[in-house]
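Chemist: Just one file: target_9.pdb, with PDB, C-alpha atoms and all ligand atoms.
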```pdb
ATOM      1  CA  MET A   5     165.419 160.922 244.531
ATOM      2  CA  TYR A   6     162.897 158.169 244.942
ATOM      3  CA  ASP A   7     159.476 159.395 245.924
ATOM      4  CA  PHE A   8     157.287 156.359 246.279
ATOM      5  CA  LYS A   9     154.224 157.311 248.252
ATOM      6  CA  PRO A  10     150.798 155.706 248.319
ATOM      7  CA  ASP A  11     147.884 157.773 247.156
ATOM      8  CA  ALA A  12     145.886 159.076 250.110
ATOM      9  CA  ALA A  13     142.978 157.086 251.568
ATOM     10  CA  LEU A  14     143.303 153.945 249.496
ATOM     11  CA  ASP A  15     141.580 150.717 250.348
ATOM     12  CA  PRO A  16     144.072 148.133 251.659
ATOM     13  CA  ALA A  17     144.076 145.999 248.498
ATOM     14  CA  GLU A  18     144.931 149.011 246.332
ATOM     15  CA  THR A  19     147.598 150.144 248.806
ATOM     16  CA  HIS A  20     149.227 146.737 248.518
ATOM     17  CA  ARG A  21     148.952 146.744 244.727
ATOM     18  CA  GLN A  22     150.821 150.046 244.669
ATOM     19  CA  LEU A  23     153.353 148.759 247.219
ATOM     20  CA  VAL A  24     154.189 145.767 245.013
ATOM     21  CA  GLU A  25     154.376 148.019 241.954
ATOM     22  CA  ALA A  26     156.800 150.347 243.733
ATOM     23  CA  ALA A  27     158.824 147.381 245.007
ATOM     24  CA  ASP A  28     159.060 146.028 241.473
ATOM     25  CA  ALA A  29     160.330 149.371 240.197
ATOM     26  CA  LEU A  30     162.849 149.725 243.044
ATOM     27  CA  THR A  31     164.351 146.244 242.785
ATOM     28  CA  SER A  32     164.101 145.538 239.056
ATOM     29  CA  GLY A  33     167.563 144.968 237.598
ATOM     30  CA  GLU A  34     169.319 145.341 240.968
ATOM     31  CA  PRO A  35     171.118 142.111 241.920
ATOM     32  CA  ASP A  36     172.206 143.165 245.437
ATOM     33  CA  GLY A  37     169.819 141.479 247.840
ATOM     34  CA  ILE A  38     170.836 143.550 250.875
ATOM     35  CA  ALA A  39     170.169 146.790 249.029
ATOM     36  CA  ASN A  40     166.815 145.455 247.881
ATOM     37  CA  MET A  41     165.778 144.294 251.366
ATOM     38  CA  ALA A  42     166.794 147.670 252.829
ATOM     39  CA  ASN A  43     164.738 149.584 250.305
ATOM     40  CA  ILE A  44     161.742 147.286 250.686
ATOM     41  CA  ALA A  45     161.767 147.665 254.479
ATOM     42  CA  ALA A  46     161.704 151.444 254.020
ATOM     43  CA  LEU A  47     158.992 151.113 251.384
ATOM     44  CA  ILE A  48     156.750 149.044 253.661
ATOM     45  CA  ARG A  49     156.944 151.802 256.264
ATOM     46  CA  GLU A  50     156.051 154.406 253.631
ATOM     47  CA  PHE A  51     152.987 152.485 252.498
ATOM     48  CA  LEU A  52     151.566 150.834 255.610
ATOM     49  CA  PRO A  53     150.436 153.071 258.464
ATOM     50  CA  ASP A  54     150.683 152.194 262.146
ATOM     51  CA  LEU A  55     153.807 150.001 262.082
ATOM     52  CA  ASN A  56     156.630 150.123 264.627
ATOM     53  CA  TRP A  57     158.885 147.577 262.878
ATOM     54  CA  ALA A  58     159.194 146.201 259.358
ATOM     55  CA  GLY A  59     161.966 144.169 257.840
ATOM     56  CA  PHE A  60     163.584 140.852 257.072
ATOM     57  CA  TYR A  61     165.019 137.819 258.759
ATOM     58  CA  ARG A  62     167.147 135.714 256.408
ATOM     59  CA  VAL A  63     167.830 131.982 256.523
ATOM     60  CA  ALA A  64     171.553 131.756 257.310
ATOM     61  CA  PRO A  65     174.009 129.311 258.932
ATOM     62  CA  MET A  66     174.061 128.949 262.715
ATOM     63  CA  ARG A  67     177.270 130.174 264.354
ATOM     64  CA  ASP A  68     178.373 126.607 265.075
ATOM     65  CA  GLY A  69     177.516 125.518 261.557
ATOM     66  CA  ALA A  70     174.963 122.983 262.823
ATOM     67  CA  GLY A  71     172.236 123.917 260.387
ATOM     68  CA  ASN A  72     170.376 127.098 259.569
ATOM     69  CA  GLU A  73     168.331 129.624 261.520
ATOM     70  CA  LEU A  74     166.839 133.056 260.951
ATOM     71  CA  VAL A  75     169.285 135.963 261.151
ATOM     72  CA  LEU A  76     168.299 139.617 261.285
ATOM     73  CA  GLY A  77     168.362 141.441 257.960
ATOM     74  CA  PRO A  78     167.614 144.985 256.855
ATOM     75  CA  PHE A  79     164.750 146.611 258.746
ATOM     76  CA  VAL A  80     163.222 149.850 259.963
ATOM     77  CA  GLY A  81     162.407 150.137 263.648
ATOM     78  CA  ARG A  82     164.131 149.570 266.972
ATOM     79  CA  PRO A  83     167.123 147.223 267.264
ATOM     80  CA  ALA A  84     165.871 143.643 267.289
ATOM     81  CA  CYS A  85     166.887 140.141 268.335
ATOM     82  CA  ILE A  86     169.505 138.852 265.917
ATOM     83  CA  ARG A  87     169.002 135.088 265.722
ATOM     84  CA  ILE A  88     165.749 133.118 265.830
ATOM     85  CA  PRO A  89     165.674 129.305 265.601
ATOM     86  CA  PHE A  90     163.248 127.652 263.191
ATOM     87  CA  GLY A  91     160.006 127.027 265.053
ATOM     88  CA  ALA A  92     160.584 129.782 267.648
ATOM     89  CA  GLY A  93     158.341 132.815 267.908
ATOM     90  CA  VAL A  94     156.178 134.126 265.128
ATOM     91  CA  CYS A  95     159.051 134.416 262.647
ATOM     92  CA  GLY A  96     160.422 130.946 263.332
ATOM     93  CA  THR A  97     156.932 129.479 263.064
ATOM     94  CA  ALA A  98     156.400 131.129 259.662
ATOM     95  CA  ALA A  99     159.781 129.869 258.457
ATOM     96  CA  GLN A 100     159.309 126.307 259.701
ATOM     97  CA  SER A 101     155.732 125.948 258.473
ATOM     98  CA  GLN A 102     156.278 128.000 255.293
ATOM     99  CA  THR A 103     152.975 129.689 256.014
ATOM    100  CA  THR A 104     151.924 133.241 256.763
ATOM    101  CA  GLN A 105     151.392 134.023 260.441
ATOM    102  CA  LEU A 106     148.782 136.712 261.123
ATOM    103  CA  VAL A 107     148.771 137.360 264.864
ATOM    104  CA  GLU A 108     146.097 139.688 266.217
ATOM    105  CA  ASP A 109     147.482 139.663 269.766
ATOM    106  CA  VAL A 110     151.157 138.831 270.165
ATOM    107  CA  HIS A 111     150.708 138.303 273.914
ATOM    108  CA  ALA A 112     148.430 135.358 273.112
ATOM    109  CA  PHE A 113     150.944 133.724 270.713
ATOM    110  CA  PRO A 114     152.860 130.948 272.494
ATOM    111  CA  GLY A 115     156.580 131.678 272.328
ATOM    112  CA  HIS A 116     156.246 135.144 270.853
ATOM    113  CA  ILE A 117     159.640 136.890 270.953
ATOM    114  CA  ALA A 118     159.255 140.463 272.164
ATOM    115  CA  CYS A 119     161.886 142.574 270.424
ATOM    116  CA  ASP A 120     159.976 145.825 270.884
ATOM    117  CA  SER A 121     157.620 145.866 273.854
ATOM    118  CA  ALA A 122     155.372 148.269 271.926
ATOM    119  CA  SER A 123     154.395 145.529 269.445
ATOM    120  CA  ARG A 124     150.835 144.264 269.871
ATOM    121  CA  SER A 125     150.092 142.549 266.543
ATOM    122  CA  GLU A 126     152.301 141.005 263.895
ATOM    123  CA  LEU A 127     152.291 139.685 260.326
ATOM    124  CA  VAL A 128     155.079 137.369 259.153
ATOM    125  CA  VAL A 129     155.253 136.044 255.586
ATOM    126  CA  PRO A 130     157.831 133.517 254.352
ATOM    127  CA  VAL A 131     159.792 134.221 251.186
ATOM    128  CA  LEU A 132     160.191 131.011 249.204
ATOM    129  CA  ARG A 133     162.568 130.133 246.378
ATOM    130  CA  ASP A 134     162.314 126.777 244.620
ATOM    131  CA  GLY A 135     160.133 125.499 247.460
ATOM    132  CA  ALA A 136     162.569 126.432 250.245
ATOM    133  CA  VAL A 137     162.223 129.344 252.655
ATOM    134  CA  ILE A 138     165.021 131.897 252.196
ATOM    135  CA  ALA A 139     163.730 134.696 254.442
ATOM    136  CA  VAL A 140     160.672 136.068 256.185
ATOM    137  CA  ILE A 141     159.117 139.519 255.988
ATOM    138  CA  ASP A 142     158.097 140.694 259.462
ATOM    139  CA  CYS A 143     155.698 143.592 260.122
ATOM    140  CA  ASP A 144     154.863 144.697 263.677
ATOM    141  CA  SER A 145     152.244 147.160 264.879
ATOM    142  CA  PRO A 146     151.613 148.834 268.229
ATOM    143  CA  SER A 147     147.865 148.364 267.612
ATOM    144  CA  PRO A 148     146.055 145.094 268.383
ATOM    145  CA  ALA A 149     144.625 143.342 265.306
ATOM    146  CA  ARG A 150     146.267 145.846 262.953
ATOM    147  CA  PHE A 151     146.693 143.323 260.134
ATOM    148  CA  THR A 152     143.939 141.889 257.939
ATOM    149  CA  ALA A 153     143.633 139.196 255.301
ATOM    150  CA  ALA A 154     144.228 141.950 252.711
ATOM    151  CA  ASP A 155     147.552 142.763 254.385
ATOM    152  CA  ALA A 156     148.503 139.082 254.409
ATOM    153  CA  ALA A 157     147.658 138.718 250.701
ATOM    154  CA  GLY A 158     149.530 141.904 249.878
ATOM    155  CA  ILE A 159     152.717 140.957 251.717
ATOM    156  CA  GLU A 160     152.500 137.471 250.179
ATOM    157  CA  ALA A 161     152.481 139.119 246.730
ATOM    158  CA  LEU A 162     155.505 141.161 247.796
ATOM    159  CA  ALA A 163     157.270 138.002 248.994
ATOM    160  CA  ALA A 164     156.597 136.328 245.645
ATOM    161  CA  LEU A 165     158.110 139.303 243.811
ATOM    162  CA  LEU A 166     161.203 139.240 246.031
ATOM    163  CA  SER A 167     161.804 135.500 245.709
ATOM    164  CA  THR A 168     164.595 136.024 243.155
ATOM    165  CA  ARG A 169     165.604 139.552 244.193
ATOM    166  CA  ILE A 170     166.976 139.154 247.711
TER
HETATM  167  N1  LIG B 201     158.237 139.037 267.341
HETATM  168  C1  LIG B 201     159.058 138.220 266.468
HETATM  169  C2  LIG B 201     160.521 138.534 266.639
HETATM  170  C3  LIG B 201     161.031 139.558 265.716
HETATM  171  S1  LIG B 201     160.659 141.117 266.156
HETATM  172  O1  LIG B 201     159.201 141.296 266.222
HETATM  173  C4  LIG B 201     161.330 142.229 265.136
HETATM  174  C5  LIG B 201     158.804 136.758 266.737
HETATM  175  O2  LIG B 201     158.087 136.405 267.668
HETATM  176  O3  LIG B 201     159.328 135.946 265.984
END
```
Go through the file and emit its structure as structure tokens.

Modeler:
Amino acid sequence: MYDFKPDAALDPAETHRQLVEAADALTSGEPDGIANMANIAALIREFLPDLNWAGFYRVAPMRDGAGNELVLGPFVGRPACIRIPFGAGVCGTAAQSQTTQLVEDVHAFPGHIACDSASRSELVVPVLRDGAVIAVIDCDSPSPARFTAADAAGIEALAALLSTRI
């Protein structure tokens, strides 16, 4: 049994340090990227309170083969939209720009894609390998302005760890 739990009442930076440590332990030596993404999605929910969705979109071929787009990967939460073009919504913006998107109010984000109407704020971090985006990590919360700079830095550290593990 895996029993990765954050210590109670940690400050956000320490919570994220422990999240990355647990992610390292869970994925170290495991070459199956789907298994690793599934466990990391579950781990994010264990460590970060007040989320309604956490998981991955992967860069994968479009159905007609005319390039790549984001395709739903392992996640925890309600069923979500499957394919997101680069540049669309918060996830597509993070993938296209290769930059973290910290959105305090999703209703104010032009083109936001509402997969779960309960979502009010969102944090999306690209996962890069050799300078190219290979996936994004998406965290949604039902609370406005749930995510802080500490959350962004923490999920960026997680994305760096996962660069060669998913
Ligand atoms: N809201 C995202 C879509 C993915 S769901 O939140 C799981 C977006 O605007 O890209």

Chemist: Can you spell out as a PyMOL selection string the set of residues that the PyMOL selection byres (((not hetatm)) within 6 of (chain B and resi 201)) selects in the structure I just provided?

Modeler: chain A and resi 84+93-96+116-119

Chemist: Which neighbours of range 38-48 of chain A fall inside 6 Å, counting all atoms listed in the file, when residues of the same chain fewer than 2 positions from it are skipped, and could you give them as number ranges by chain?

Modeler: A: 31, 36, 50-52, 58-59, 78-79

Chemist: Mind giving me the straight-line distance from CA of Ala153 in chain A to CA of Thr19 in chain A in Å, one decimal?

Modeler: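 Distance between the two atoms: 13.3 Å.
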
Chemist: Please indicate the distance in Å from CA of Arg124 in chain A to CA of Asp155 in chain A, rounded to one decimal place.

Modeler: 15.9 Å

Chemist: Can you tell me which residues surround Ala64 in chain A at a distance of at most 9 Å, considering all atoms listed in the file, apart from same-chain residues fewer than 2 positions away, and format the answer as a list in words?

Modeler: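 Residues near the query, excluding close chain neighbours: Arg62, Met66, Gly71, Asn72, Glu73, Leu74, Val75, Ile138 and Ala139 of chain A.
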
Chemist: To test your reading of the syntax: which residues would the PyMOL selection byres (((chain A and resi 53) around 12) and not hetatm) return for the file shown? Reply as number ranges by chain.

Modeler: A: 9-10, 12-14, 16, 19-20, 47-52, 54-58, 143-147, 150-151, 155

Chemist: Report, in Å to a single decimal, how far apart CA of Ala26 in chain A and CA of Pro130 in chain A are.

Modeler: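 Going from CA of Pro130 in chain A over to CA of Ala26 in chain A, I get 19.9 Å.
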
Chemist: Identify which of the residues A:Gly81, A:Arg87, A:Pro148, A:Val131 lies closest to His111 in chain A, counting only C-alpha atoms when measuring atom-to-atom distances.

Modeler: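 Of A:Gly81, A:Arg87, A:Pro148, A:Val131, the one nearest His111 in chain A, counting only C-alpha atoms, is A:Pro148.
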
Chemist: Would you mind listing what lies within 12 Å of Gly158 in chain A as a PyMOL selection string, with all atoms listed in the file counted and same-chain residues fewer than 6 positions away left out?

Modeler: chain A and resi 15-25+27+48+51-52+104+127-129+141+151-152+164-165

Chemist: Padding 6 Å on each side, edges along x, y and z: where is the centre of the box around the listed atoms of range 129-140 of chain A, and how long are its edges in Å to one decimal? Output it as AutoDock Vina command-line options.

Modeler:
```
--center_x 160.1 --center_y 130.8 --center_z 250.4 --size_x 21.8 --size_y 22.6 --size_z 23.6
```

Chemist: Distance table requested - range 18-110 of chain A against range 133-136 of chain A, cut-off 12 Å, only C-alpha atoms: one row per qualifying residue with the closest atom pair and its distance in Å to one decimal, ordered by chain and rising residue number, as a Markdown table.

Modeler:
```
| residue | atom | partner | partner_atom | distance |
| --- | --- | --- | --- | --- |
| A:Val63 | CA | A:Ala136 | CA | 9.9 |
| A:Ala99 | CA | A:Ala136 | CA | 9.3 |
| A:Gln100 | CA | A:Ala136 | CA | 10.0 |
| A:Ser101 | CA | A:Ala136 | CA | 10.7 |
| A:Gln102 | CA | A:Ala136 | CA | 8.2 |
| A:Thr103 | CA | A:Ala136 | CA | 11.7 |
```

Chemist: Given the choices A:Tyr61, A:Asp7, A:Ala154, A:Gly33, which gets closest to Ala98 in chain A if the distance is worked out from all atoms listed in the file?

Modeler: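 Closest to Ala98 in chain A of all the choices is A:Tyr61.
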